[in-house]
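This is final-v5.cif. It holds mmCIF, C-alpha atoms.
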```
data_data
loop_
_atom_site.label_atom_id
_atom_site.label_comp_id
_atom_site.auth_asym_id
_atom_site.auth_seq_id
_atom_site.Cartn_x
_atom_site.Cartn_y
_atom_site.Cartn_z
CA MET J 1 23.13 -38.10 -198.22
CA VAL J 2 22.83 -39.84 -201.57
CA ASP J 3 20.28 -38.38 -204.01
CA GLY J 4 18.22 -40.40 -206.51
CA LYS J 5 20.68 -39.95 -209.37
CA ALA J 6 23.58 -40.91 -207.15
CA ASP J 7 21.68 -43.96 -205.92
CA ALA J 8 21.09 -45.02 -209.55
CA ARG J 9 24.78 -44.62 -210.28
CA ASN J 10 25.60 -46.85 -207.32
CA ARG J 11 24.02 -49.69 -209.20
CA ALA J 12 25.84 -48.95 -212.46
CA ALA J 13 28.54 -51.38 -213.57
CA LEU J 14 30.98 -49.80 -216.00
CA ASP J 15 33.84 -51.11 -218.05
CA ILE J 16 35.57 -47.73 -218.33
CA LEU J 17 35.18 -44.51 -216.37
CA VAL J 18 36.87 -41.35 -217.67
CA THR J 19 37.53 -38.44 -215.31
CA GLY J 20 37.64 -35.07 -217.05
CA ALA J 21 35.20 -33.83 -219.71
CA GLY J 22 37.74 -31.81 -221.66
CA TYR J 23 38.76 -32.67 -225.20
CA VAL J 24 41.08 -35.51 -224.18
CA GLY J 25 38.61 -37.14 -221.81
CA LEU J 26 35.70 -36.88 -224.23
CA ALA J 27 37.80 -38.11 -227.15
CA ALA J 28 38.92 -41.11 -225.08
CA ALA J 29 35.33 -42.02 -224.20
CA VAL J 30 34.12 -41.61 -227.80
CA SER J 31 37.06 -43.57 -229.26
CA LEU J 32 36.45 -46.55 -227.00
CA LYS J 33 32.67 -46.61 -227.24
CA GLN J 34 32.64 -46.18 -231.01
CA ALA J 35 35.11 -49.04 -231.53
CA ARG J 36 33.50 -51.34 -228.95
CA PRO J 37 29.79 -50.50 -228.48
CA SER J 38 29.51 -53.34 -225.96
CA LEU J 39 31.75 -51.47 -223.50
CA ALA J 40 29.92 -49.48 -220.82
CA VAL J 41 31.66 -46.08 -220.76
CA ALA J 42 30.92 -42.97 -218.67
CA VAL J 43 32.58 -39.61 -218.02
CA VAL J 44 32.65 -37.72 -214.72
CA ASP J 45 33.82 -34.11 -214.44
CA ALA J 46 34.27 -31.82 -211.44
CA ALA J 47 33.60 -28.63 -213.41
CA PRO J 48 30.09 -27.12 -213.24
CA ALA J 49 27.73 -28.03 -216.06
CA GLY J 50 28.02 -25.65 -219.01
CA ILE J 51 31.28 -24.01 -217.91
CA TRP J 52 32.97 -25.22 -221.11
CA GLN J 53 30.70 -22.93 -223.13
CA LYS J 54 32.39 -19.89 -221.57
CA ASP J 55 35.84 -20.83 -222.88
CA GLY J 56 36.73 -18.20 -225.49
CA ARG J 57 40.10 -19.69 -226.40
CA ALA J 58 41.10 -21.60 -229.53
CA SER J 59 43.51 -24.49 -230.06
CA ALA J 60 45.83 -25.57 -232.87
CA ILE J 61 44.72 -29.02 -234.03
CA ALA J 62 47.40 -30.89 -235.99
CA ALA J 63 46.58 -32.80 -239.17
CA ALA J 64 46.82 -36.18 -237.44
CA ALA J 65 44.35 -35.07 -234.76
CA CYS J 66 42.01 -33.78 -237.48
CA ARG J 67 42.12 -37.23 -239.07
CA MET J 68 41.24 -38.77 -235.72
CA LEU J 69 38.35 -36.36 -235.18
CA ASP J 70 37.08 -37.23 -238.67
CA GLN J 71 37.27 -40.94 -237.82
CA LEU J 72 35.30 -40.22 -234.62
CA GLY J 73 32.55 -38.55 -236.64
CA VAL J 74 32.95 -34.97 -235.39
CA TRP J 75 35.25 -33.21 -237.87
CA ALA J 76 32.47 -32.59 -240.40
CA GLU J 77 30.69 -30.53 -237.73
CA ILE J 78 33.86 -28.69 -236.66
CA ALA J 79 35.42 -28.04 -240.09
CA PRO J 80 33.12 -25.18 -241.26
CA GLU J 81 34.23 -23.11 -238.26
CA ALA J 82 37.90 -24.16 -238.36
CA GLN J 83 40.66 -22.04 -239.89
CA ALA J 84 43.37 -23.84 -241.83
CA ILE J 85 46.94 -22.68 -241.20
CA THR J 86 48.23 -22.28 -244.75
CA GLU J 87 51.64 -20.81 -243.89
CA MET J 88 53.94 -20.49 -240.87
CA ILE J 89 56.77 -17.99 -240.48
CA VAL J 90 59.38 -17.71 -237.73
CA THR J 91 61.30 -14.58 -236.72
CA ASP J 92 63.85 -13.83 -234.02
CA SER J 93 64.05 -10.22 -232.85
CA ARG J 94 63.69 -7.72 -230.05
CA THR J 95 60.52 -5.72 -229.42
CA SER J 96 62.38 -2.51 -230.28
CA ASP J 97 63.76 -3.79 -233.61
CA PRO J 98 62.32 -1.72 -236.51
CA LEU J 99 62.41 -4.76 -238.80
CA ARG J 100 61.78 -8.44 -238.10
CA PRO J 101 63.60 -10.52 -240.68
CA VAL J 102 61.91 -13.84 -241.49
CA PHE J 103 64.34 -16.68 -240.83
CA LEU J 104 62.10 -19.64 -241.54
CA THR J 105 58.91 -20.28 -243.53
CA PHE J 106 56.74 -23.37 -243.79
CA ASP J 107 54.04 -24.13 -246.33
CA GLY J 108 51.04 -25.38 -244.44
CA GLU J 109 50.29 -28.70 -246.19
CA VAL J 110 51.25 -32.28 -245.34
CA ALA J 111 49.46 -33.51 -248.47
CA PRO J 112 47.71 -31.69 -251.32
CA GLY J 113 44.67 -29.98 -249.83
CA GLU J 114 45.46 -31.09 -246.27
CA ALA J 115 46.69 -28.34 -243.94
CA PHE J 116 49.25 -29.36 -241.30
CA ALA J 117 47.04 -27.75 -238.65
CA HIS J 118 43.74 -25.94 -238.08
CA MET J 119 42.72 -23.40 -235.47
CA VAL J 120 39.51 -24.51 -233.74
CA ALA J 121 37.49 -22.69 -231.11
CA ASN J 122 37.53 -24.68 -227.87
CA ARG J 123 33.74 -24.40 -227.56
CA ASP J 124 33.26 -25.92 -231.02
CA LEU J 125 35.62 -28.81 -230.28
CA ASN J 126 34.15 -29.60 -226.88
CA GLY J 127 30.56 -29.24 -228.08
CA ALA J 128 31.04 -31.58 -231.05
CA LEU J 129 32.66 -34.26 -228.88
CA ARG J 130 29.89 -33.95 -226.30
CA ARG J 131 27.17 -34.39 -228.90
CA ARG J 132 28.96 -37.42 -230.33
CA ALA J 133 29.29 -38.91 -226.84
CA GLU J 134 25.58 -38.45 -226.21
CA THR J 135 24.75 -40.07 -229.57
CA LEU J 136 26.81 -43.10 -228.54
CA GLY J 137 24.99 -43.33 -225.19
CA ILE J 138 27.91 -42.19 -223.01
CA ASP J 139 26.73 -40.77 -219.69
CA ILE J 140 28.44 -37.46 -218.78
CA ILE J 141 28.19 -36.68 -215.06
CA GLU J 142 29.06 -33.02 -214.42
CA GLY J 143 29.71 -30.94 -211.34
CA VAL J 144 30.85 -33.91 -209.24
CA ALA J 145 34.45 -34.59 -208.24
CA VAL J 146 36.05 -37.92 -207.51
CA SER J 147 36.80 -38.00 -203.78
CA ALA J 148 38.53 -41.40 -203.54
CA PHE J 149 38.90 -44.80 -205.16
CA ASP J 150 39.71 -48.36 -204.14
CA VAL J 151 41.44 -50.90 -206.36
CA ASN J 152 40.28 -54.43 -205.71
CA GLY J 153 41.77 -57.01 -208.03
CA ALA J 154 39.17 -57.31 -210.76
CA GLY J 155 38.06 -53.68 -210.69
CA ILE J 156 38.14 -50.21 -209.19
CA THR J 157 35.49 -48.57 -207.02
CA VAL J 158 35.29 -44.80 -207.47
CA HIS J 159 33.71 -42.65 -204.77
CA LEU J 160 32.15 -39.36 -205.88
CA ALA J 161 31.76 -36.22 -203.80
CA ASP J 162 27.96 -36.49 -203.88
CA GLY J 163 28.10 -39.84 -202.06
CA ALA J 164 27.68 -42.07 -205.11
CA THR J 165 30.04 -44.87 -206.04
CA LEU J 166 30.87 -46.22 -209.48
CA LYS J 167 32.55 -49.51 -210.28
CA ALA J 168 34.66 -49.99 -213.37
CA ARG J 169 37.43 -52.15 -214.78
CA LEU J 170 39.52 -49.17 -215.92
CA LEU J 171 39.75 -45.56 -214.75
CA ILE J 172 41.20 -43.05 -217.24
CA ALA J 173 42.50 -39.89 -215.58
CA ALA J 174 42.20 -36.97 -218.00
CA ASP J 175 41.66 -34.33 -215.33
CA GLY J 176 44.40 -31.87 -216.24
CA VAL J 177 47.94 -30.94 -215.31
CA ASN J 178 47.04 -30.65 -211.61
CA SER J 179 45.39 -34.08 -211.70
CA LYS J 180 43.85 -35.13 -208.40
CA LEU J 181 43.55 -38.71 -209.66
CA ARG J 182 47.27 -38.86 -210.38
CA ASP J 183 47.99 -37.74 -206.83
CA MET J 184 45.50 -40.21 -205.37
CA ALA J 185 47.20 -43.00 -207.32
CA GLY J 186 50.53 -42.03 -205.77
CA ILE J 187 52.13 -41.31 -209.14
CA LYS J 188 55.05 -38.89 -208.79
CA THR J 189 55.98 -36.22 -211.32
CA VAL J 190 59.05 -34.43 -212.60
CA LYS J 191 58.18 -30.75 -212.70
CA TRP J 192 59.54 -27.24 -212.66
CA ASP J 193 58.26 -23.72 -213.16
CA TYR J 194 59.58 -21.62 -216.04
CA GLY J 195 58.86 -18.31 -214.33
CA GLN J 196 56.83 -17.49 -217.43
CA SER J 197 53.11 -17.09 -218.07
CA GLY J 198 51.20 -17.41 -221.32
CA ILE J 199 48.84 -14.54 -222.09
CA VAL J 200 45.96 -15.64 -224.31
CA CYS J 201 43.46 -13.39 -226.07
CA THR J 202 41.68 -12.85 -229.38
CA VAL J 203 42.56 -9.87 -231.54
CA ALA J 204 40.42 -8.27 -234.26
CA HIS J 205 42.37 -6.66 -237.10
CA GLU J 206 41.73 -4.57 -240.18
CA ARG J 207 43.24 -6.77 -242.91
CA PRO J 208 42.86 -10.55 -243.48
CA HIS J 209 45.57 -12.92 -242.24
CA ASN J 210 45.19 -15.27 -245.23
CA GLY J 211 45.75 -18.28 -242.98
CA ARG J 212 49.26 -17.25 -241.95
CA ALA J 213 50.56 -18.11 -238.49
CA GLU J 214 53.59 -16.30 -237.10
CA GLU J 215 55.90 -17.05 -234.21
CA HIS J 216 58.18 -14.25 -233.06
CA PHE J 217 60.93 -15.28 -230.69
CA LEU J 218 61.34 -12.36 -228.31
CA PRO J 219 63.73 -12.12 -225.32
CA ALA J 220 60.99 -12.83 -222.74
CA GLY J 221 59.46 -15.72 -224.70
CA PRO J 222 57.64 -16.53 -227.96
CA PHE J 223 54.81 -14.39 -229.28
CA ALA J 224 52.53 -16.41 -231.57
CA THR J 225 49.84 -15.05 -233.88
CA LEU J 226 47.44 -17.80 -234.97
CA PRO J 227 44.74 -17.27 -237.62
CA LEU J 228 41.08 -17.67 -236.70
CA LYS J 229 37.94 -17.92 -238.80
CA SER J 230 36.33 -14.55 -239.38
CA ASP J 231 33.29 -13.64 -237.31
CA LYS J 232 29.83 -13.89 -238.86
CA ASP J 233 30.00 -10.13 -239.46
CA GLY J 234 33.27 -10.57 -241.37
CA THR J 235 35.63 -9.30 -238.68
CA ASN J 236 39.18 -10.57 -239.20
CA ARG J 237 40.50 -12.32 -236.07
CA SER J 238 43.62 -13.99 -234.74
CA SER J 239 44.43 -15.80 -231.51
CA ILE J 240 47.43 -14.57 -229.52
CA VAL J 241 49.66 -16.72 -227.32
CA TRP J 242 52.09 -14.27 -225.72
CA VAL J 243 54.74 -15.57 -223.30
CA GLU J 244 56.18 -13.14 -220.76
CA ARG J 245 57.91 -13.36 -217.41
CA SER J 246 55.19 -14.13 -214.89
CA GLU J 247 55.44 -10.85 -212.97
CA ASP J 248 55.22 -8.87 -216.24
CA ALA J 249 52.33 -10.98 -217.53
CA GLU J 250 50.30 -10.32 -214.37
CA LYS J 251 50.88 -6.58 -214.69
CA LEU J 252 49.87 -6.64 -218.34
CA VAL J 253 46.56 -8.47 -217.90
CA ASP J 254 45.70 -6.25 -214.91
CA SER J 255 46.65 -3.03 -216.71
CA ASP J 256 44.46 -0.44 -218.39
CA ASP J 257 43.11 -1.50 -221.80
CA LEU J 258 45.10 1.23 -223.56
CA VAL J 259 48.34 0.09 -221.92
CA PHE J 260 47.71 -3.54 -222.84
CA GLU J 261 46.85 -2.72 -226.45
CA HIS J 262 49.93 -0.51 -226.76
CA GLU J 263 52.19 -3.32 -225.56
CA LEU J 264 50.37 -5.77 -227.79
CA GLU J 265 50.80 -3.53 -230.82
CA GLN J 266 54.56 -3.32 -230.16
CA ARG J 267 54.71 -7.09 -230.64
CA PHE J 268 51.91 -7.67 -233.13
CA GLY J 269 52.95 -4.86 -235.47
CA LEU J 270 50.78 -3.05 -238.02
CA LYS J 271 51.02 -5.50 -240.92
CA LEU J 272 47.31 -6.35 -240.53
CA GLY J 273 46.28 -2.75 -239.96
CA GLU J 274 44.57 -1.42 -236.87
CA ILE J 275 44.05 -3.96 -234.09
CA ARG J 276 41.86 -4.23 -231.00
CA VAL J 277 41.52 -6.80 -228.24
CA ALA J 278 38.27 -8.70 -228.76
CA ASP J 279 38.05 -10.43 -225.38
CA ARG J 280 39.51 -10.27 -221.90
CA PRO J 281 43.19 -11.32 -221.80
CA ARG J 282 44.06 -14.09 -219.34
CA ALA J 283 47.40 -15.45 -218.17
CA TRP J 284 48.39 -19.00 -217.21
CA PRO J 285 51.65 -19.96 -215.48
CA LEU J 286 53.90 -22.19 -217.58
CA GLY J 287 55.97 -25.15 -216.46
CA LEU J 288 57.03 -28.66 -217.36
CA THR J 289 55.23 -31.57 -215.68
CA ILE J 290 55.80 -35.19 -216.68
CA ALA J 291 54.40 -38.13 -214.73
CA ARG J 292 57.01 -40.73 -213.76
CA ASP J 293 54.47 -43.41 -214.64
CA PHE J 294 51.54 -43.18 -217.03
CA VAL J 295 49.76 -46.16 -215.49
CA ALA J 296 48.99 -47.75 -212.14
CA PRO J 297 46.77 -50.73 -211.27
CA ARG J 298 43.42 -50.09 -213.03
CA ILE J 299 44.41 -46.48 -213.90
CA ALA J 300 45.81 -44.81 -217.04
CA LEU J 301 46.81 -41.14 -217.31
CA ALA J 302 46.12 -39.22 -220.53
CA GLY J 303 46.63 -35.67 -221.72
CA ASP J 304 47.84 -33.02 -219.30
CA ALA J 305 47.43 -35.44 -216.39
CA ALA J 306 50.38 -37.32 -217.90
CA HIS J 307 52.33 -34.36 -219.28
CA GLY J 308 52.21 -30.58 -219.30
CA ILE J 309 54.72 -28.94 -221.65
CA HIS J 310 55.67 -25.44 -222.82
CA PRO J 311 53.42 -24.09 -225.62
CA ILE J 312 56.43 -23.01 -227.74
CA ALA J 313 55.77 -25.80 -230.27
CA GLY J 314 51.97 -25.83 -229.94
CA GLN J 315 51.92 -29.58 -229.25
CA GLY J 316 50.26 -29.89 -225.82
CA LEU J 317 46.73 -30.78 -226.93
CA ASN J 318 48.02 -32.87 -229.84
CA LEU J 319 50.13 -34.96 -227.46
CA GLY J 320 46.93 -35.58 -225.52
CA PHE J 321 45.10 -36.76 -228.64
CA LYS J 322 48.03 -39.08 -229.38
CA ASP J 323 47.59 -40.54 -225.88
CA VAL J 324 43.92 -41.12 -226.62
CA ALA J 325 44.59 -42.84 -229.94
CA ALA J 326 47.26 -45.12 -228.46
CA LEU J 327 45.26 -45.98 -225.33
CA ALA J 328 42.10 -46.70 -227.32
CA GLU J 329 44.00 -48.97 -229.71
CA VAL J 330 45.57 -50.93 -226.84
CA VAL J 331 42.32 -51.28 -224.88
CA VAL J 332 40.21 -52.21 -227.90
CA GLU J 333 42.70 -54.85 -229.01
CA ALA J 334 42.75 -56.30 -225.48
CA ASP J 335 38.95 -56.42 -225.36
CA ARG J 336 38.77 -58.17 -228.73
CA LEU J 337 41.19 -60.79 -227.42
CA GLY J 338 39.07 -61.30 -224.32
CA GLN J 339 41.66 -59.74 -222.02
CA ASP J 340 40.93 -57.59 -218.99
CA VAL J 341 41.01 -53.99 -220.29
CA GLY J 342 42.19 -52.67 -216.92
CA ALA J 343 44.90 -55.25 -216.25
CA LEU J 344 48.32 -53.76 -215.61
CA ASP J 345 50.04 -55.78 -218.34
CA VAL J 346 47.56 -54.31 -220.87
CA LEU J 347 48.11 -50.77 -219.61
CA GLU J 348 51.88 -51.25 -219.73
CA ARG J 349 51.63 -51.54 -223.52
CA TYR J 350 50.12 -48.05 -223.60
CA GLN J 351 52.84 -46.71 -221.31
CA GLN J 352 55.63 -48.18 -223.43
CA TRP J 353 54.07 -46.65 -226.54
CA ARG J 354 53.69 -43.14 -225.18
CA ARG J 355 56.28 -42.44 -222.49
CA PHE J 356 59.40 -42.01 -224.65
CA ASP J 357 57.62 -39.83 -227.22
CA THR J 358 56.25 -37.63 -224.45
CA LEU J 359 59.61 -37.32 -222.71
CA GLN J 360 61.24 -36.46 -226.02
CA MET J 361 58.71 -33.69 -226.72
CA GLY J 362 59.04 -32.36 -223.17
CA ILE J 363 62.82 -32.12 -223.49
CA THR J 364 62.55 -30.56 -226.96
CA THR J 365 60.18 -27.79 -225.85
CA ASP J 366 62.27 -27.18 -222.74
CA VAL J 367 65.47 -26.77 -224.79
CA LEU J 368 63.75 -24.56 -227.37
CA ASN J 369 62.37 -22.30 -224.66
CA ARG J 370 65.75 -21.94 -222.97
CA LEU J 371 67.47 -21.38 -226.32
CA PHE J 372 65.11 -18.70 -227.62
CA SER J 373 63.78 -16.96 -224.48
CA ASN J 374 66.83 -14.81 -223.89
CA ASP J 375 68.78 -11.89 -225.35
CA ILE J 376 72.32 -13.29 -225.25
CA GLY J 377 74.14 -11.97 -228.33
CA PRO J 378 76.29 -15.00 -229.28
CA LEU J 379 73.38 -17.37 -228.67
CA ARG J 380 71.12 -15.22 -230.86
CA ALA J 381 73.68 -15.43 -233.67
CA VAL J 382 73.95 -19.22 -233.42
CA ARG J 383 70.20 -19.84 -233.37
CA ASP J 384 69.58 -17.43 -236.28
CA ILE J 385 72.22 -19.23 -238.34
CA GLY J 386 70.48 -22.50 -237.44
CA LEU J 387 67.07 -21.21 -238.54
CA GLY J 388 68.62 -19.97 -241.78
CA LEU J 389 70.17 -23.37 -242.49
CA VAL J 390 66.83 -25.13 -241.94
CA GLU J 391 65.21 -22.64 -244.35
CA ARG J 392 67.65 -23.78 -247.06
CA MET J 393 67.10 -27.52 -246.50
CA PRO J 394 63.73 -28.64 -247.94
CA ARG J 395 63.99 -32.20 -246.62
CA LEU J 396 64.62 -30.97 -243.09
CA LYS J 397 61.69 -28.56 -243.39
CA ASP J 398 59.49 -31.45 -244.54
CA PHE J 399 60.63 -33.42 -241.48
CA PHE J 400 59.59 -30.58 -239.17
CA ILE J 401 56.24 -30.29 -240.92
CA ARG J 402 55.62 -34.02 -240.36
CA GLN J 403 56.56 -33.58 -236.71
CA ALA J 404 54.23 -30.61 -236.29
CA SER J 405 51.39 -32.43 -238.05
CA GLY J 406 51.63 -35.41 -235.65
CA LEU J 407 52.31 -37.87 -238.47
CA SER J 408 55.84 -38.91 -237.54
CA GLY J 409 57.01 -41.89 -235.51
CA ASP J 410 54.89 -44.85 -234.41
CA THR J 411 51.52 -43.32 -235.20
CA PRO J 412 48.34 -44.93 -233.80
CA LYS J 413 45.65 -45.93 -236.30
CA LEU J 414 43.17 -43.18 -235.36
CA LEU J 415 45.78 -40.50 -236.09
CA LYS J 416 46.21 -41.99 -239.56
CA GLY J 417 42.47 -41.70 -240.08
CA GLU J 418 41.99 -45.49 -239.74
CA ALA J 419 39.41 -47.30 -237.64
CA ILE J 420 40.56 -49.41 -234.70
#
```
Turn the structure described in the file into structure tokens.
Amino acid sequence: MVDGKADARNRAALDILVTGAGYVGLAAAVSLKQARPSLAVAVVDAAPAGIWQKDGRASAIAAAACRMLDQLGVWAEIAPEAQAITEMIVTDSRTSDPLRPVFLTFDGEVAPGEAFAHMVANRDLNGALRRRAETLGIDIIEGVAVSAFDVNGAGITVHLADGATLKARLLIAADGVNSKLRDMAGIKTVKWDYGQSGIVCTVAHERPHNGRAEEHFLPAGPFATLPLKSDKDGTNRSSIVWVERSEDAEKLVDSDDLVFEHELEQRFGLKLGEIRVADRPRAWPLGLTIARDFVAPRIALAGDAAHGIHPIAGQGLNLGFKDVAALAEVVVEADRLGQDVGALDVLERYQQWRRFDTLQMGITTDVLNRLFSNDIGPLRAVRDIGLGLVERMPRLKDFFIRQASGLSGDTPKLLKGEAI
């Protein structure tokens, strides 16, 4: 049975259809429509309408991604609620150690007055991108999954679960690490499970964090403290990303509040005074997933659909924004030249641009996790010496800051803050 809305969509002819109304999917739609208003762009998402408003998490947005969001016309709305990371420190210790010596410190600027990253509430980021999409006339279809698609030379026909069909020249799959579109396209992945889970929650604390982020390398995995904007009532807050072995993480999030807060305090410490958990902790299993191909006829993968990496370097979302910037630049250039935006030779340019960088980051985070998530004495000594050497080499520290800010390598125009 096809309802009236579905019947209307049957008649719609699109240039580009994006699946997934998360940050990557919305940013892709906005980037393309803003650069080429003549393109007919729509977004379809399987999640129920409004579910994004219940996401209490926050994300680290690198400087390059902030420049892109500014170019897309949304950063001015986000910035008042964003918290700049003004300093980053790294320690390597055990939970039981009475002292945690700081091995590495980073100043948080890539340029005077420009922080290398900001912490942004997911609701604020998603909401700003949605409002920009609506302003540009992008239709967002929610609560409907893609059930199948057919590629037919000049286009792709997408079948939705409500019985509607949409025709487009290009389908962008931004539907997450467990992408159904990727599977439907027959794209294989390289993947493995780390046996770890990431516990995420917000913590209220007595004293201000002053914009400092901290990453403690503990035997079970990294424990990151990321500064958040204070509440309207002035409550100091930080976001926690706490990696534990999966069986321990499940026990922790299911435990009594007092038990959880006690374990949290052992890792968080008392440097910011008394702490309390401000929301319900949740745990997500961690693994490495990299698509063997980023494109197929009429289809391009972006964000977690193309790659899911360990959060140890905080680069997952920023890799997704880099995908968006590169894909938008390739597609817009092709459209300006009168080329078919969904043709495989056009999409191959995007794949060549992004695949090596993604593979490199996946390998880097994998090695870092294996190097630091253990308690092997000789290995601890070697890595601590390494951290100490980096601390004493300003040029190397500057290199790492550029990497973390997303401004290294072959950077797409949007990430430089330039129009495409």
Got a sec to resolve the PyMOL selection byres ((chain J and resi 155) around 12) on this structure and send the residues as a PyMOL selection string?
chain J and resi 13-17+149-154+156-158+166-171+297-299+340-344
Restricted to C-alpha atoms, what would the selected residues look like written as a PDB file, keeping the file's coordinate frame?
```pdb
ATOM      1  CA  ALA J  13      28.540 -51.380-213.570  1.00  0.00           C
ATOM      2  CA  LEU J  14      30.980 -49.800-216.000  1.00  0.00           C
ATOM      3  CA  ASP J  15      33.840 -51.110-218.050  1.00  0.00           C
ATOM      4  CA  ILE J  16      35.570 -47.730-218.330  1.00  0.00           C
ATOM      5  CA  LEU J  17      35.180 -44.510-216.370  1.00  0.00           C
ATOM      6  CA  PHE J 149      38.900 -44.800-205.160  1.00  0.00           C
ATOM      7  CA  ASP J 150      39.710 -48.360-204.140  1.00  0.00           C
ATOM      8  CA  VAL J 151      41.440 -50.900-206.360  1.00  0.00           C
ATOM      9  CA  ASN J 152      40.280 -54.430-205.710  1.00  0.00           C
ATOM     10  CA  GLY J 153      41.770 -57.010-208.030  1.00  0.00           C
ATOM     11  CA  ALA J 154      39.170 -57.310-210.760  1.00  0.00           C
ATOM     12  CA  ILE J 156      38.140 -50.210-209.190  1.00  0.00           C
ATOM     13  CA  THR J 157      35.490 -48.570-207.020  1.00  0.00           C
ATOM     14  CA  VAL J 158      35.290 -44.800-207.470  1.00  0.00           C
ATOM     15  CA  LEU J 166      30.870 -46.220-209.480  1.00  0.00           C
ATOM     16  CA  LYS J 167      32.550 -49.510-210.280  1.00  0.00           C
ATOM     17  CA  ALA J 168      34.660 -49.990-213.370  1.00  0.00           C
ATOM     18  CA  ARG J 169      37.430 -52.150-214.780  1.00  0.00           C
ATOM     19  CA  LEU J 170      39.520 -49.170-215.920  1.00  0.00           C
ATOM     20  CA  LEU J 171      39.750 -45.560-214.750  1.00  0.00           C
ATOM     21  CA  PRO J 297      46.770 -50.730-211.270  1.00  0.00           C
ATOM     22  CA  ARG J 298      43.420 -50.090-213.030  1.00  0.00           C
ATOM     23  CA  ILE J 299      44.410 -46.480-213.900  1.00  0.00           C
ATOM     24  CA  ASP J 340      40.930 -57.590-218.990  1.00  0.00           C
ATOM     25  CA  VAL J 341      41.010 -53.990-220.290  1.00  0.00           C
ATOM     26  CA  GLY J 342      42.190 -52.670-216.920  1.00  0.00           C
ATOM     27  CA  ALA J 343      44.900 -55.250-216.250  1.00  0.00           C
ATOM     28  CA  LEU J 344      48.320 -53.760-215.610  1.00  0.00           C
TER      29      LEU J 344
END
```
Worksheet entry | Answer key for the PyMOL selection byres ((chain J and resi 132-138) around 12), residues as a ChimeraX atom specification | /J:14-18,21,23,25-44,69-78,125-131,139-141
**Study point:** Coordinates-based distance that separates CA of Ala283 in chain J from CA of Ile51 in chain J (Å, one decimal)
**Key:**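 A separation of 18.3 Å between them.
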Let me have the centre and edge lengths in Å, one decimal, of the box along x, y and z around every listed atom of range 20-39 of chain J with 3 Å of margin on each side, as lines of an AutoDock Vina configuration file.
```
center_x = 35.3
center_y = -42.6
center_z = -224.3
size_x = 17.6
size_y = 27.5
size_z = 20.5
```
Open item on the list: Nearest residue to Val120 in chain J out of J:Ile376, J:Ala65, J:Ala296, J:Val324, using all atoms listed in the file?
Closed with: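 Nearest to Val120 in chain J: J:Ala65.
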| task | For the structure provided, state which residues fall under the PyMOL selection byres ((chain J and resi 289) around 12), and present them as a count of residues only. | result | 34
Per residue of range 57-150 of chain J within 12 Å of range 370-373 of chain J, note the shortest atom pair and the distance in Å to one decimal, counting only C-alpha atoms, and order the rows by chain and increasing residue number, as JSON lines.
```
{"residue": "J:Val90", "atom": "CA", "partner": "J:Phe372", "partner_atom": "CA", "distance": 11.7}
{"residue": "J:Thr91", "atom": "CA", "partner": "J:Phe372", "partner_atom": "CA", "distance": 10.7}
{"residue": "J:Asp92", "atom": "CA", "partner": "J:Phe372", "partner_atom": "CA", "distance": 8.1}
{"residue": "J:Ser93", "atom": "CA", "partner": "J:Phe372", "partner_atom": "CA", "distance": 10.0}
{"residue": "J:Arg94", "atom": "CA", "partner": "J:Ser373", "partner_atom": "CA", "distance": 10.8}
```
With C-alpha atoms retained, write the just-selected residues as a PDB file, in the frame of the given file.
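Saved as selection-v7.pdb:
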```
ATOM      1  CA  VAL J  90      59.380 -17.710-237.730  1.00  0.00           C
ATOM      2  CA  THR J  91      61.300 -14.580-236.720  1.00  0.00           C
ATOM      3  CA  ASP J  92      63.850 -13.830-234.020  1.00  0.00           C
ATOM      4  CA  SER J  93      64.050 -10.220-232.850  1.00  0.00           C
ATOM      5  CA  ARG J  94      63.690  -7.720-230.050  1.00  0.00           C
TER       6      ARG J  94
END
```
Which of J:Ala302, J:Val330, J:Leu226, J:Leu104 sits closest to Asn318 in chain J [using all atoms listed in the file]: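 Among J:Ala302, J:Val330, J:Leu226, J:Leu104, it is J:Ala302 that comes nearest to Asn318 in chain J.
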Using all atoms listed in the file, the best pick from J:Ala173, J:Ala117, J:Val295, J:Val200 as closest to Gln351 in chain J would be J:Val295
Could you tell me how far CA of Cys201 in chain J sits from CA of Glu244 in chain J, in Å to one decimal place?
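Computing it gives 13.8 Å between the two atoms.
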Å distance separating CA of Gln315 in chain J from CA of Arg267 in chain J, one decimal place: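 Going from CA of Gln315 in chain J over to CA of Arg267 in chain J, I get 22.7 Å.
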Write a file for range 267-271 of chain J, containing N, CA and C atoms (output as a compact mmCIF listing (two decimals), in the first residue's frame).
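File produced: out_36.txt:
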```txt
# COMPACT_ATOMS: atom_id res chain seq x y z
N ARG J 267 39.41 6.61 38.10
CA ARG J 267 40.05 6.97 36.84
C ARG J 267 40.06 8.48 36.61
N PHE J 268 38.98 9.13 36.98
CA PHE J 268 38.84 10.58 36.77
C PHE J 268 39.73 11.36 37.74
N GLY J 269 39.84 10.87 38.97
CA GLY J 269 40.60 11.58 39.99
C GLY J 269 39.79 12.69 40.63
N LEU J 270 40.43 13.45 41.53
CA LEU J 270 39.74 14.50 42.27
C LEU J 270 40.27 15.90 41.93
N LYS J 271 40.98 16.00 40.83
CA LYS J 271 41.57 17.30 40.46
C LYS J 271 40.52 18.37 40.20
```
